[in-house]
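**Student:** Pasting a structure below so you can have a look.
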Amino acid sequence: MHEMIVAQYLLAQITDEAVKQNARPVAAKISCGKLNAVNDEVLCFAFEAIAKDTLCRDVKLEIEHKPLQAKCKDCNQIFNVEFSKPQCKKCESRDFELLPDAPLILEEIEFQTEKNHEKNKN
Ligand SMILES: [Zn+2]
């Protein structure tokens with residue numbers, strides 16, 4: 001299962017950073033390309049399952065899907081591909097080359113702050 005591998009990778013990355021910062025992670029933002037076959041729900045479920053007994057147990061994942069980009073062969077414009085209208089945004093040429101799909105990246109980890117901590121106590 002692809003999502004399980006991704007979840008394990010994320011858990012390892014977030015745990016590393018949490019240990020380094022000596023803080024408790026509460027959220028993580030990740031991004032990946034549109035063609036990257038990651039199902040948000042399956043990924044969140046897989047992550048919860050493996051994180052539940054770790055210091056990452058409260059982490060909420062937020063997943064952003066980046067649009068697929070292409071480069072026009074006529075005018076060199078780089079544009080986001082819309083599957084309903086696959087053509088250059090500038091010159092409307094349909095002769096373009098797809099750029100590699102965005103990789104899966106862990107963009108940001110949010111740690112519990114003193115303020116959050118107070119809120120959780122009440
Ligand atoms: Zn063009």
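Going by the structure tokens order, chains are called A, B, ..., each with residues numbered from 1, while ligands are numbered from 1 in the order shown.
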How would you write, as a count of residues only, the set of residues no farther than 9 Å from ligand 1 when counting only C-alpha atoms and all ligand atoms?

**Tutor:** 19

**Student:** Which residues come within 8 Å of Asp58 (chain A), counting only C-alpha atoms, excluding same-chain residues fewer than 3 positions away, as an MDAnalysis selection string?

**Tutor:** chainID A and resid 25:27 52 55

**Student:** Keeping only N, CA and C atoms, write the selected residues to a file as a PDB file, in the first residue's frame.

**Tutor:**
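Saved result, result.pdb, follows:
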```
ATOM      1  N   PRO A  25       4.562  17.798  18.238  1.00  0.00           N
ATOM      2  CA  PRO A  25       3.946  18.199  16.962  1.00  0.00           C
ATOM      3  C   PRO A  25       2.425  18.056  17.015  1.00  0.00           C
ATOM      4  N   VAL A  26       1.718  19.022  16.432  1.00  0.00           N
ATOM      5  CA  VAL A  26       0.249  18.954  16.422  1.00  0.00           C
ATOM      6  C   VAL A  26      -0.334  18.938  15.002  1.00  0.00           C
ATOM      7  N   ALA A  27       0.458  19.396  14.035  1.00  0.00           N
ATOM      8  CA  ALA A  27      -0.036  19.392  12.659  1.00  0.00           C
ATOM      9  C   ALA A  27       1.141  19.349  11.691  1.00  0.00           C
ATOM     10  N   LYS A  52      -0.385   6.409  16.582  1.00  0.00           N
ATOM     11  CA  LYS A  52      -1.214   6.503  17.790  1.00  0.00           C
ATOM     12  C   LYS A  52      -0.460   6.260  19.103  1.00  0.00           C
ATOM     13  N   LEU A  55       4.862  10.035  19.867  1.00  0.00           N
ATOM     14  CA  LEU A  55       4.685  11.447  20.223  1.00  0.00           C
ATOM     15  C   LEU A  55       4.010  12.224  19.093  1.00  0.00           C
TER      16      LEU A  55
END
```

**Student:** Enumerate the residues of chain A with a DSSP assignment of alpha helix (DSSP H), computed from the backbone, and present them as number ranges by chain.

**Tutor:** A: 2-21, 40-51, 114-121

**Student:** Between CA of Arg57 (chain A) and CA of Ala23 (chain A), what is the spacing in Å?

**Tutor:**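 Taking CA of Ala23 (chain A) and CA of Arg57 (chain A), their separation equals 12.9 Å.
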
**Student:** Taking only C-alpha atoms into account, produce a table as a tab-separated table in which each residue of region 76-116 of chain A with an atom at most 10 Å from an atom of region 29-46 of chain A appears once, together with its shortest atom pair and the distance in Å to one decimal, ordered by chain and rising number.

**Tutor:**
```
residue	atom	partner	partner_atom	distance
A:Pro100	CA	A:Gly33	CA	8.9
A:Asp101	CA	A:Gly33	CA	5.2
A:Ala102	CA	A:Gly33	CA	4.2
A:Pro103	CA	A:Cys32	CA	5.4
A:Leu104	CA	A:Cys32	CA	4.2
A:Ile105	CA	A:Ser31	CA	5.3
A:Leu106	CA	A:Ile30	CA	4.4
A:Glu107	CA	A:Ile30	CA	5.1
A:Glu108	CA	A:Lys29	CA	5.1
A:Ile109	CA	A:Lys29	CA	6.4
A:Glu110	CA	A:Lys29	CA	8.2
```

**Student:** Rounded to one decimal place, report the CA of Gln21 (chain A)-CA of Gln8 (chain A) distance in Å.

**Tutor:**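 Atom-to-atom, CA of Gln21 (chain A) and CA of Gln8 (chain A) are spaced 20.0 Å apart.
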
**Student:** Name all residues at most 8 Å from Leu98 (chain A) (count only C-alpha atoms; drop same-chain ones fewer than 5 positions away) and give them as an mmCIF file with N, CA, C and O atoms, in the first residue's frame.

**Tutor:**
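Output (out_24.cif):
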```
data_model
loop_
_atom_site.group_PDB
_atom_site.id
_atom_site.type_symbol
_atom_site.label_atom_id
_atom_site.label_comp_id
_atom_site.auth_asym_id
_atom_site.auth_seq_id
_atom_site.Cartn_x
_atom_site.Cartn_y
_atom_site.Cartn_z
ATOM 1 N N LEU A 68 -0.509 19.991 -12.114
ATOM 2 C CA LEU A 68 0.491 19.500 -13.052
ATOM 3 C C LEU A 68 0.893 20.654 -13.976
ATOM 4 O O LEU A 68 0.046 21.397 -14.448
ATOM 5 N N GLN A 69 2.214 20.785 -14.225
ATOM 6 C CA GLN A 69 2.672 21.878 -15.076
ATOM 7 C C GLN A 69 3.207 21.378 -16.410
ATOM 8 O O GLN A 69 3.659 20.241 -16.523
ATOM 9 N N ALA A 70 3.144 22.251 -17.384
ATOM 10 C CA ALA A 70 3.666 21.918 -18.715
ATOM 11 C C ALA A 70 4.391 23.124 -19.297
ATOM 12 O O ALA A 70 4.164 24.258 -18.884
ATOM 13 N N LYS A 71 5.291 22.835 -20.244
ATOM 14 C CA LYS A 71 6.023 23.906 -20.901
ATOM 15 C C LYS A 71 5.650 23.920 -22.377
ATOM 16 O O LYS A 71 5.726 22.899 -23.065
#
```

**Student:** Tell me which of A:Val81, A:Ala28, A:Val19, A:Ala7 sits closest to Glu48 (chain A), counting only C-alpha atoms.

**Tutor:**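 Comparing A:Val81, A:Ala28, A:Val19, A:Ala7 against Glu48 (chain A), the winner is A:Ala7.
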
**Student:** Grab the CA of Phe111 (chain A) to CA of Arg24 (chain A) distance for me, in Å with one decimal place.

**Tutor:**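 Rounded to one decimal, the two atoms are 5.5 Å apart.
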
**Student:** Taking the DSSP secondary structure from the backbone, can you list the residues of region 14-73 of chain A that are strand (DSSP E), as a ChimeraX atom specification?

**Tutor:** /A:25-33,60-66,69-72
